[in-house]
Structures are given as C-alpha cells and as structure tokens.
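**Q** Provided herewith: upload_13.txt, compact mmCIF, C-alpha atoms.
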```txt
# COMPACT_ATOMS: atom_id res chain seq x y z
CA MET A 26 -23.97 -3.19 13.32
CA SER A 27 -24.47 0.56 12.97
CA LYS A 28 -23.11 2.49 9.99
CA ASN A 29 -20.89 4.61 12.24
CA LEU A 30 -19.34 1.54 13.89
CA ALA A 31 -18.71 -0.07 10.50
CA THR A 32 -17.06 3.16 9.32
CA LEU A 33 -14.86 3.19 12.44
CA ILE A 34 -13.85 -0.43 11.79
CA GLY A 35 -13.00 0.51 8.21
CA PHE A 36 -10.88 3.41 9.45
CA SER A 37 -9.02 0.97 11.73
CA ALA A 38 -7.91 -0.84 8.56
CA ILE A 39 -6.21 2.34 7.33
CA LEU A 40 -4.37 2.68 10.64
CA GLN A 41 -3.45 -1.01 10.69
CA TRP A 42 -1.97 -0.88 7.20
CA SER A 43 -0.18 2.36 8.10
CA SER A 44 1.71 0.52 10.85
CA ILE A 45 3.14 -2.15 8.51
CA VAL A 46 6.14 -0.06 7.40
CA GLY A 47 7.48 0.54 10.90
CA LEU A 48 6.75 -2.99 12.15
CA LEU A 49 8.27 -4.74 9.12
CA LYS A 50 11.42 -2.60 9.26
CA LYS A 51 11.74 -3.30 12.99
CA ILE A 52 11.67 -7.06 12.32
CA SER A 53 14.04 -6.91 9.34
CA PHE A 54 16.63 -5.12 11.49
CA ASN A 55 16.64 -8.16 13.81
CA ILE A 56 16.28 -11.20 11.50
CA GLY A 57 17.06 -9.86 8.04
CA PRO A 58 14.77 -8.82 5.15
CA ASP A 59 14.20 -12.29 3.67
CA LEU A 60 12.98 -13.96 6.84
CA ALA A 61 11.01 -10.88 7.89
CA VAL A 62 9.02 -10.87 4.65
CA LEU A 63 8.67 -14.68 4.62
CA PHE A 64 7.30 -14.91 8.15
CA MET A 65 5.02 -11.88 7.81
CA TYR A 66 3.20 -13.30 4.79
CA THR A 67 3.18 -16.85 6.11
CA PHE A 68 1.45 -15.88 9.35
CA SER A 69 -0.84 -13.41 7.54
CA ALA A 70 -1.91 -16.14 5.12
CA VAL A 71 -2.74 -18.48 8.01
CA ILE A 72 -4.89 -15.79 9.67
CA LEU A 73 -6.72 -14.97 6.42
CA LEU A 74 -7.34 -18.64 5.65
CA LEU A 75 -8.84 -19.08 9.12
CA LEU A 76 -11.02 -15.99 8.61
CA PHE A 77 -12.15 -16.42 5.01
CA ARG A 78 -10.94 -19.83 3.81
CA ILE A 79 -10.21 -20.28 0.10
CA PRO A 80 -13.16 -19.11 -2.01
CA ASN A 81 -14.71 -21.20 -4.77
CA LEU A 82 -12.26 -20.30 -7.53
CA LYS A 83 -14.61 -21.67 -10.22
CA GLN A 84 -16.97 -18.76 -9.55
CA ILE A 85 -14.25 -16.18 -10.25
CA PRO A 86 -13.58 -15.15 -13.87
CA ARG A 87 -10.46 -17.09 -14.90
CA HIS A 88 -8.63 -14.27 -16.65
CA TYR A 89 -9.22 -11.94 -13.71
CA LEU A 90 -8.02 -14.56 -11.22
CA ILE A 91 -4.79 -15.16 -13.14
CA PHE A 92 -3.86 -11.54 -13.81
CA ALA A 93 -5.01 -10.23 -10.43
CA THR A 94 -3.08 -12.95 -8.58
CA VAL A 95 0.12 -12.17 -10.50
CA LEU A 96 -0.26 -8.41 -9.98
CA PHE A 97 -1.16 -8.73 -6.30
CA VAL A 98 1.72 -11.10 -5.54
CA ILE A 99 4.33 -9.01 -7.37
CA TYR A 100 3.03 -5.79 -5.79
CA GLU A 101 3.18 -7.17 -2.25
CA LEU A 102 6.69 -8.49 -2.85
CA CYS A 103 7.84 -5.15 -4.30
CA PHE A 104 6.38 -3.19 -1.41
CA SER A 105 7.60 -5.46 1.38
CA TYR A 106 11.14 -5.85 0.01
CA ALA A 107 11.38 -2.11 -0.71
CA ILE A 108 10.81 -1.52 3.02
CA ALA A 109 12.79 -4.50 4.32
CA LEU A 110 15.84 -3.65 2.18
CA ALA A 111 15.92 0.00 3.30
CA GLN A 112 19.26 0.82 4.90
CA THR A 113 17.94 2.93 7.75
CA ALA A 114 14.68 3.52 9.56
CA GLN A 115 14.30 6.99 8.03
CA GLN A 116 14.96 5.66 4.54
CA ALA A 117 12.26 3.01 5.05
CA ILE A 118 9.73 5.75 5.86
CA GLU A 119 10.87 7.87 2.90
CA ILE A 120 10.62 4.92 0.52
CA SER A 121 7.16 4.02 1.82
CA LEU A 122 5.88 7.37 0.56
CA VAL A 123 6.83 6.39 -3.00
CA ASN A 124 4.28 3.60 -2.64
CA TYR A 125 1.61 6.23 -1.94
CA LEU A 126 1.86 7.50 -5.49
CA TRP A 127 -0.60 4.70 -6.31
CA PRO A 128 -3.82 6.78 -5.90
CA SER A 129 -2.62 9.27 -8.51
CA LEU A 130 -1.32 6.48 -10.76
CA THR A 131 -4.65 4.64 -10.41
CA ILE A 132 -6.55 7.66 -11.74
CA LEU A 133 -4.03 7.91 -14.60
CA ALA A 134 -4.47 4.18 -15.36
CA LEU A 135 -8.28 4.56 -15.37
CA ILE A 136 -7.89 7.29 -17.98
CA LEU A 137 -5.55 5.11 -20.09
CA PHE A 138 -8.10 2.27 -19.89
CA LYS A 139 -10.80 4.78 -20.93
CA GLU A 140 -12.70 4.28 -17.68
CA LEU A 141 -12.45 8.01 -16.97
CA LYS A 142 -12.24 11.09 -19.15
CA PHE A 143 -8.95 12.97 -19.24
CA ASN A 144 -8.73 15.88 -16.83
CA ILE A 145 -5.74 18.20 -16.53
CA LEU A 146 -6.11 18.05 -12.74
CA VAL A 147 -4.83 14.44 -12.88
CA ILE A 148 -1.51 15.57 -14.35
CA ILE A 149 -1.32 18.45 -11.86
CA GLY A 150 -2.04 16.08 -8.95
CA LEU A 151 0.56 13.57 -10.11
CA CYS A 152 3.15 16.34 -10.48
CA ILE A 153 2.37 17.59 -6.95
CA SER A 154 2.82 14.07 -5.53
CA LEU A 155 6.08 13.55 -7.42
CA GLY A 156 7.22 16.98 -6.22
CA GLY A 157 6.62 15.80 -2.65
CA ILE A 158 8.82 12.73 -3.20
CA ILE A 159 11.57 14.91 -4.69
CA LEU A 160 11.32 17.41 -1.83
CA ILE A 161 11.79 14.61 0.72
CA GLN A 162 15.05 13.61 -0.97
CA THR A 163 16.55 17.06 -0.49
CA GLY A 164 16.71 16.62 3.29
CA ASN A 165 16.91 19.85 5.25
CA GLY A 166 19.07 21.58 2.67
CA SER A 167 18.08 23.72 -0.29
CA PHE A 168 16.85 22.01 -3.43
CA ASN A 169 19.62 20.37 -5.44
CA TRP A 170 19.19 17.67 -8.09
CA GLN A 171 22.55 16.14 -7.16
CA THR A 172 21.33 15.64 -3.59
CA VAL A 173 18.12 14.05 -4.84
CA PHE A 174 19.93 11.61 -7.15
CA ALA A 175 22.56 10.84 -4.50
CA ASN A 176 19.85 9.83 -2.01
CA ILE A 177 18.12 7.61 -4.54
CA GLN A 178 21.40 6.07 -5.71
CA SER A 179 22.27 5.16 -2.13
CA ASN A 180 19.65 2.40 -2.37
CA PRO A 181 18.21 2.30 -5.91
CA ILE A 182 16.71 -1.19 -5.54
CA SER A 183 14.33 -0.11 -2.78
CA TYR A 184 13.22 3.02 -4.65
CA ILE A 185 12.69 1.08 -7.89
CA LEU A 186 10.72 -1.63 -6.09
CA ALA A 187 8.55 0.97 -4.36
CA PHE A 188 7.74 2.74 -7.63
CA MET A 189 7.11 -0.56 -9.42
CA GLY A 190 4.80 -1.55 -6.56
CA ALA A 191 2.81 1.69 -6.79
CA SER A 192 2.41 1.24 -10.57
CA LEU A 193 1.39 -2.42 -10.26
CA TRP A 194 -1.12 -1.68 -7.50
CA ALA A 195 -2.70 1.01 -9.68
CA LEU A 196 -3.03 -1.55 -12.49
CA TYR A 197 -4.43 -4.12 -10.04
CA CYS A 198 -7.07 -1.65 -8.88
CA VAL A 199 -8.18 -0.97 -12.45
CA ILE A 200 -8.35 -4.66 -13.36
CA THR A 201 -10.27 -5.44 -10.17
CA LYS A 202 -12.76 -2.65 -10.89
CA LYS A 203 -13.34 -3.88 -14.47
CA TYR A 204 -13.23 -7.66 -14.20
CA SER A 205 -13.62 -8.92 -10.60
CA HIS A 206 -17.45 -8.93 -10.65
CA GLY A 207 -17.38 -8.30 -6.90
CA HIS A 208 -15.10 -11.22 -5.99
CA ASN A 209 -12.34 -10.65 -3.42
CA PRO A 210 -10.17 -13.81 -3.11
CA ILE A 211 -7.72 -12.16 -0.69
CA SER A 212 -6.95 -15.39 1.21
CA PHE A 213 -6.00 -17.09 -2.06
CA PHE A 214 -3.75 -14.17 -3.00
CA PHE A 215 -1.88 -14.40 0.31
CA LEU A 216 -1.59 -18.16 -0.01
CA MET A 217 0.07 -17.65 -3.41
CA ILE A 218 2.47 -15.05 -1.99
CA THR A 219 3.45 -17.48 0.76
CA VAL A 220 4.00 -20.32 -1.73
CA VAL A 221 6.18 -18.08 -3.93
CA LEU A 222 8.26 -16.91 -0.95
CA TRP A 223 8.82 -20.42 0.38
CA LEU A 224 9.77 -21.72 -3.09
CA LYS A 225 12.19 -18.81 -3.51
CA THR A 226 13.74 -19.48 -0.11
CA LEU A 227 14.05 -23.25 -0.60
CA ILE A 228 15.45 -22.97 -4.16
CA LEU A 229 17.97 -20.20 -3.46
CA HIS A 230 18.93 -20.91 0.16
CA GLY A 231 17.58 -24.33 1.10
CA VAL A 232 15.79 -24.82 4.40
CA PRO A 233 16.09 -21.46 6.18
CA ASN A 234 18.34 -21.28 9.20
CA ILE A 235 15.93 -19.67 11.63
CA PRO A 236 17.81 -17.50 14.14
CA GLU A 237 16.90 -17.31 17.77
CA ILE A 238 13.97 -14.91 17.97
CA ASP A 239 13.59 -12.92 21.16
CA LEU A 240 10.24 -12.11 22.72
CA THR A 241 10.15 -8.55 21.40
CA THR A 242 10.83 -9.60 17.79
CA GLY A 243 8.28 -12.38 18.08
CA MET A 244 5.70 -9.90 19.36
CA TYR A 245 6.37 -7.49 16.47
CA MET A 246 6.11 -10.42 14.03
CA LEU A 247 2.74 -11.43 15.44
CA ILE A 248 1.46 -7.85 15.35
CA VAL A 249 2.55 -7.10 11.76
CA SER A 250 1.04 -10.37 10.51
CA THR A 251 -2.20 -9.66 12.36
CA VAL A 252 -2.60 -6.06 11.15
CA THR A 253 -1.75 -7.10 7.58
CA ALA A 254 -4.47 -9.75 7.62
CA LEU A 255 -7.11 -8.08 9.78
CA GLY A 256 -6.72 -4.84 7.85
CA TYR A 257 -8.35 -6.51 4.85
CA ALA A 258 -11.14 -7.94 7.00
CA ALA A 259 -11.81 -4.55 8.63
CA TRP A 260 -11.72 -2.74 5.29
CA ASN A 261 -14.32 -5.10 3.84
CA VAL A 262 -16.64 -4.40 6.78
CA GLY A 263 -16.14 -0.67 6.32
CA ILE A 264 -16.81 -0.48 2.59
CA ILE A 265 -19.80 -2.86 2.75
CA ARG A 266 -21.60 -1.48 5.83
CA GLY A 267 -19.97 1.87 6.56
CA ASN A 268 -19.74 5.27 4.89
CA ILE A 269 -17.52 4.56 1.89
CA THR A 270 -17.17 8.25 0.99
CA ILE A 271 -15.62 9.05 4.38
CA LEU A 272 -13.36 5.97 4.21
CA VAL A 273 -12.06 6.76 0.72
CA THR A 274 -11.37 10.35 1.75
CA LEU A 275 -9.52 9.23 4.91
CA SER A 276 -7.50 6.69 2.92
CA TYR A 277 -5.91 9.54 0.96
CA PHE A 278 -4.30 10.71 4.21
CA SER A 279 -2.51 7.35 4.60
CA PRO A 280 0.93 8.89 3.84
CA ILE A 281 0.53 11.10 6.92
CA PHE A 282 -0.85 8.30 9.13
CA SER A 283 1.87 5.88 8.00
CA SER A 284 4.68 8.39 8.58
CA VAL A 285 3.49 9.31 12.08
CA ILE A 286 3.03 5.68 13.17
CA SER A 287 6.34 4.57 11.60
CA MET A 288 8.16 7.46 13.28
CA MET A 289 6.83 6.32 16.66
CA ILE A 290 7.56 2.62 16.12
CA LEU A 291 11.06 3.19 14.76
CA GLN A 292 11.74 6.14 17.10
CA THR A 293 13.08 8.16 14.20
CA PRO A 294 12.71 11.96 14.03
CA LEU A 295 11.70 13.28 10.62
CA SER A 296 12.71 16.63 9.13
CA MET A 297 10.38 19.47 8.21
CA SER A 298 11.16 18.89 4.52
CA PHE A 299 9.93 15.31 4.96
CA TRP A 300 6.60 16.48 6.38
CA HIS A 301 6.24 19.08 3.66
CA GLY A 302 6.87 16.34 1.11
CA ALA A 303 4.38 13.98 2.77
CA ILE A 304 1.74 16.71 2.70
CA LEU A 305 2.41 17.27 -1.02
CA VAL A 306 2.04 13.54 -1.75
CA THR A 307 -1.30 13.58 0.07
CA LEU A 308 -2.40 16.82 -1.61
CA GLY A 309 -1.53 15.43 -5.04
CA SER A 310 -3.67 12.36 -4.41
CA LEU A 311 -6.56 14.54 -3.26
CA VAL A 312 -6.29 16.69 -6.40
CA CYS A 313 -6.50 13.53 -8.53
CA TRP A 314 -9.52 12.39 -6.52
CA VAL A 315 -11.23 15.75 -6.98
CA SER A 316 -10.62 15.47 -10.74
CA THR A 317 -12.70 12.28 -10.84
CA SER A 318 -15.38 13.53 -8.46
CA TRP A 319 -15.68 17.08 -9.76
CA PRO A 320 -19.06 16.65 -11.51
CA GLN A 321 -20.63 15.35 -8.26
CA ILE A 322 -18.90 18.04 -6.18
CA LYS A 323 -20.04 20.77 -8.61
CA ALA A 324 -23.61 19.47 -8.50
CA LYS A 325 -23.67 19.51 -4.70
CA LEU A 326 -22.23 23.04 -4.58
CA GLN A 327 -24.94 24.19 -6.97
CA GLN A 328 -27.57 22.60 -4.74
CA LEU A 329 -26.16 24.41 -1.70
CA HIS A 330 -26.28 27.75 -3.52
CA GLY A 331 -29.48 26.95 -5.37
```
Could you quickly redo this structure as structure tokens?
**A**
Amino acid sequence: MSKNLATLIGFSAILQWSSIVGLLKKISFNIGPDLAVLFMYTFSAVILLLLFRIPNLKQIPRHYLIFATVLFVIYELCFSYAIALAQTAQQAIEISLVNYLWPSLTILALILFKELKFNILVIIGLCISLGGIILIQTGNGSFNWQTVFANIQSNPISYILAFMGASLWALYCVITKKYSHGHNPISFFFLMITVVLWLKTLILHGVPNIPEIDLTTGMYMLIVSTVTALGYAAWNVGIIRGNITILVTLSYFSPIFSSVISMMILQTPLSMSFWHGAILVTLGSLVCWVSTSWPQIKAKLQQLHG
C-alpha cells in the first residue's frame, strides 16, 4: 500500500467520525436516545470484534488497561448521550462542538502531567476555542451573557456531558501516550461499553421494548455503527502507513467537517455566528498545536531562510 493511499484511508476516518453526530441524532429522533446509543455501540462492538478480535490482555500493562477502559467507556457514553439527548438537530450540532475542545484540553493536560513545557499560546488557544463556543450560543443576535446562559440552561445535561467528555478524552490521550506501550485494545473497549449499556438497560428498564424500526432508521443504524467501528480501523492504517503530520493537521479541522456533514444529514441550516464560532474552535486548537510544535516549525523556517 502506498503512503498516499494510506493517508487517504486515514483521512476517511476523520470524515467517518465527523458523520456520527448527524447519524446518531437522526436515529435518536426515531427510537429514542437510550436505544439509539445501545444499538450503535452493540453493532460497532460486533464489527470491531470481527475485525480485530479481543487482544491478549495479559500483554497490556494492567494499570493502563483499567484506567484507559474506564476513561474510554465514560467518554463515549458522555459524548453519545450529549448528542442523543439534544432537543433539536441544531442543538446537537452546537453541543458536538463542545466535544472538540479536547485538542486544546489535551495540550493543557500534557503540561499538567509535565509532558510538555508551559507555553502561553496554550492558554490563548484554549480561550479562542472557548470564545467560539460562547459565540455559537449567542445565535444571530449581538453578544449577551443572558442569551448564552439561557441557551445552555435549556439543556444543561447535554452541555455538561459534552464538556466532561472532552476533558475525559484529553486525559485518556495523555494516559495512552504515557502508559499504553503501543497497545490499542479498541475492540475490548467497545465490548466493555456494550456490556455497561446492556446492564444499565436491563437493571433500569428490564428487557428493552424494541419498537418497529423502518428501513430508513435501520439503514442509518447500520451506517453509524459501521463508521464508528471502521473509523478506528482506517485511522490505524493512516497513522501506521500514511503521513501522520498531514493526518494530525487535518484532524484539527474536524469541527468544520462534522458541522458540514451533520448539517447535510439533519437538513438543518446553521447561522453565520455558528460558523464563526466553529472556525474559532478550530483556530484555537491549531494555536495549541503550534505551541507544541513551535521548536520544529521555527527550525524549518530557519532552514528555508538559511
């Protein structure tokens, strides 16, 4: 496989993951948030187990396996329920952008864990991203804190879950970088999510009363489960055999990709203030990335002018 093809496959993972928000919200409108999340992870787990099987857990550092599993499971549940519990299609897209604070929060976490040196650009980048989230909450009107708080208070659970998810994913990334030793037990993680969801459903509600699912909903369910699972497979191909620098750079534009794809799937127009906010979230992430890569960037610029 050529490096360019592997990079293209890796980029497909970014697009696949960017479609999850719109697809999951589409399903939750039809069968409810609980069943939408339950079925998505169940089918995704089956696909991943067929692709990767369960790895030899004895080869994975025990402490990493325990903490990473807990963080991964809680993150995925926070993210999926934040979207599924959104009251409208537009709110689902707005809430999804809160999740994209994770790149900036990851850099901040790396500094707290003393993996990176402090750089003022990290704080600036995080403030820019947060400013984008706040701008989105103002709608098309002029900036007003009351409007911002009113929008968040209309569905605080989803916003809290989205922010918790972004923070937990940042922590997961740091722990994986430090302690995974190259292991990626993604199929095991999804199996655990599925077990937790089924236990929750059976304990709280008993055997789920599965509604009649029409062909369209079934198709969306199959697609969202497939892109959730295959996204991880495609990403692994990309980062192992492709150009990881290009892929990491493209991944920072996920807020834009996700918003465009979700808008098309949910057929929801988005305001100019939303797009300005989405651009700020992306810009903030890029500023944080530059703060970590500045020595390499500076060296290359010196070479070009040398």
**Q** Quick one: residues within 12 Å of stretch 219-235 of chain A, all atoms listed in the file, excluding same-chain residues fewer than 2 positions away - as a PyMOL selection string?
**A** chain A and resi 55-71+73-74+94-95+98-99+101-102+105-106+212-217+237-239
**Q** Only C-alpha atoms, please: the residues just picked out, written as a short mmCIF file (atom, residue, chain, number, x, y, z; two decimals), keeping the file's coordinate frame.
**A**
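Generated file (out22.cif):
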```
data_model
loop_
_atom_site.label_atom_id
_atom_site.label_comp_id
_atom_site.auth_asym_id
_atom_site.auth_seq_id
_atom_site.Cartn_x
_atom_site.Cartn_y
_atom_site.Cartn_z
CA ASN A 55 16.64 -8.16 13.81
CA ILE A 56 16.28 -11.20 11.50
CA GLY A 57 17.06 -9.86 8.04
CA PRO A 58 14.77 -8.82 5.15
CA ASP A 59 14.20 -12.29 3.67
CA LEU A 60 12.98 -13.96 6.84
CA ALA A 61 11.01 -10.88 7.89
CA VAL A 62 9.02 -10.87 4.65
CA LEU A 63 8.67 -14.68 4.62
CA PHE A 64 7.30 -14.91 8.15
CA MET A 65 5.02 -11.88 7.81
CA TYR A 66 3.20 -13.30 4.79
CA THR A 67 3.18 -16.85 6.11
CA PHE A 68 1.45 -15.88 9.35
CA SER A 69 -0.84 -13.41 7.54
CA ALA A 70 -1.91 -16.14 5.12
CA VAL A 71 -2.74 -18.48 8.01
CA LEU A 73 -6.72 -14.97 6.42
CA LEU A 74 -7.34 -18.64 5.65
CA THR A 94 -3.08 -12.95 -8.58
CA VAL A 95 0.12 -12.17 -10.50
CA VAL A 98 1.72 -11.10 -5.54
CA ILE A 99 4.33 -9.01 -7.37
CA GLU A 101 3.18 -7.17 -2.25
CA LEU A 102 6.69 -8.49 -2.85
CA SER A 105 7.60 -5.46 1.38
CA TYR A 106 11.14 -5.85 0.01
CA SER A 212 -6.95 -15.39 1.21
CA PHE A 213 -6.00 -17.09 -2.06
CA PHE A 214 -3.75 -14.17 -3.00
CA PHE A 215 -1.88 -14.40 0.31
CA LEU A 216 -1.59 -18.16 -0.01
CA MET A 217 0.07 -17.65 -3.41
CA GLU A 237 16.90 -17.31 17.77
CA ILE A 238 13.97 -14.91 17.97
CA ASP A 239 13.59 -12.92 21.16
#
```
**Q** Mind checking which residues fall within 10 Å of A:Ala111, counting all atoms listed in the file, ignoring those fewer than 3 positions away in the same chain, and posting them as JSON, numbers by chain?
**A** {"A": [50, 53, 54, 58, 106, 107, 108, 114, 115, 116, 117, 118, 119, 120, 121, 179, 180, 181, 182, 183, 184]}
**Q** Could you tell me which of A:Gly47, A:Gly267, A:Gly302, A:Gly156 comes closest to A:Leu33 if we count all atoms listed in the file?
**A**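 Answer, going by the shortest atom-to-atom distance: A:Gly267.
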**Q** Just give me the gap between atom CA of A:Met26 and atom CA of A:Val249 in Å, one decimal is fine.
**A**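 According to the coordinates, atom CA of A:Met26 and atom CA of A:Val249 are separated by 26.9 Å.
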**Q** How far is it from atom CA of A:Leu151 to atom CA of A:Ser279, in Å with one decimal?
**A** 16.3 Å
**Q** For the atom pair atom CA of A:Lys202 and atom CA of A:Thr131, what is the interatomic distance in Å to one decimal place?
**A**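 Going from atom CA of A:Lys202 over to atom CA of A:Thr131, I get 10.9 Å.
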**Q** So, counting only C-alpha atoms, which residue among A:Phe188, A:Phe92, A:Tyr245, A:Tyr257 is closest to A:Gly35?
**A** A:Tyr257
**Q** Calculated over all atoms listed in the file, which of the candidates A:Cys103, A:Ala93, A:Ser129, A:Asn209 has the smallest distance to A:Asn261?
**A**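 Going through A:Cys103, A:Ala93, A:Ser129, A:Asn209 one by one, the smallest distance to A:Asn261 is for A:Asn209.
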**Q** I need the residue nearest A:Val273 from this list: A:Leu133, A:Ala187, A:Ala303, A:Ala38. Use all atoms listed in the file for the distance.
**A** A:Ala38
**Q** From the set A:Leu49, A:Val262, A:Phe278, A:Ser283, which residue has the shortest atom-to-atom contact distance to A:Asn29, counting only C-alpha atoms?
**A** A:Val262
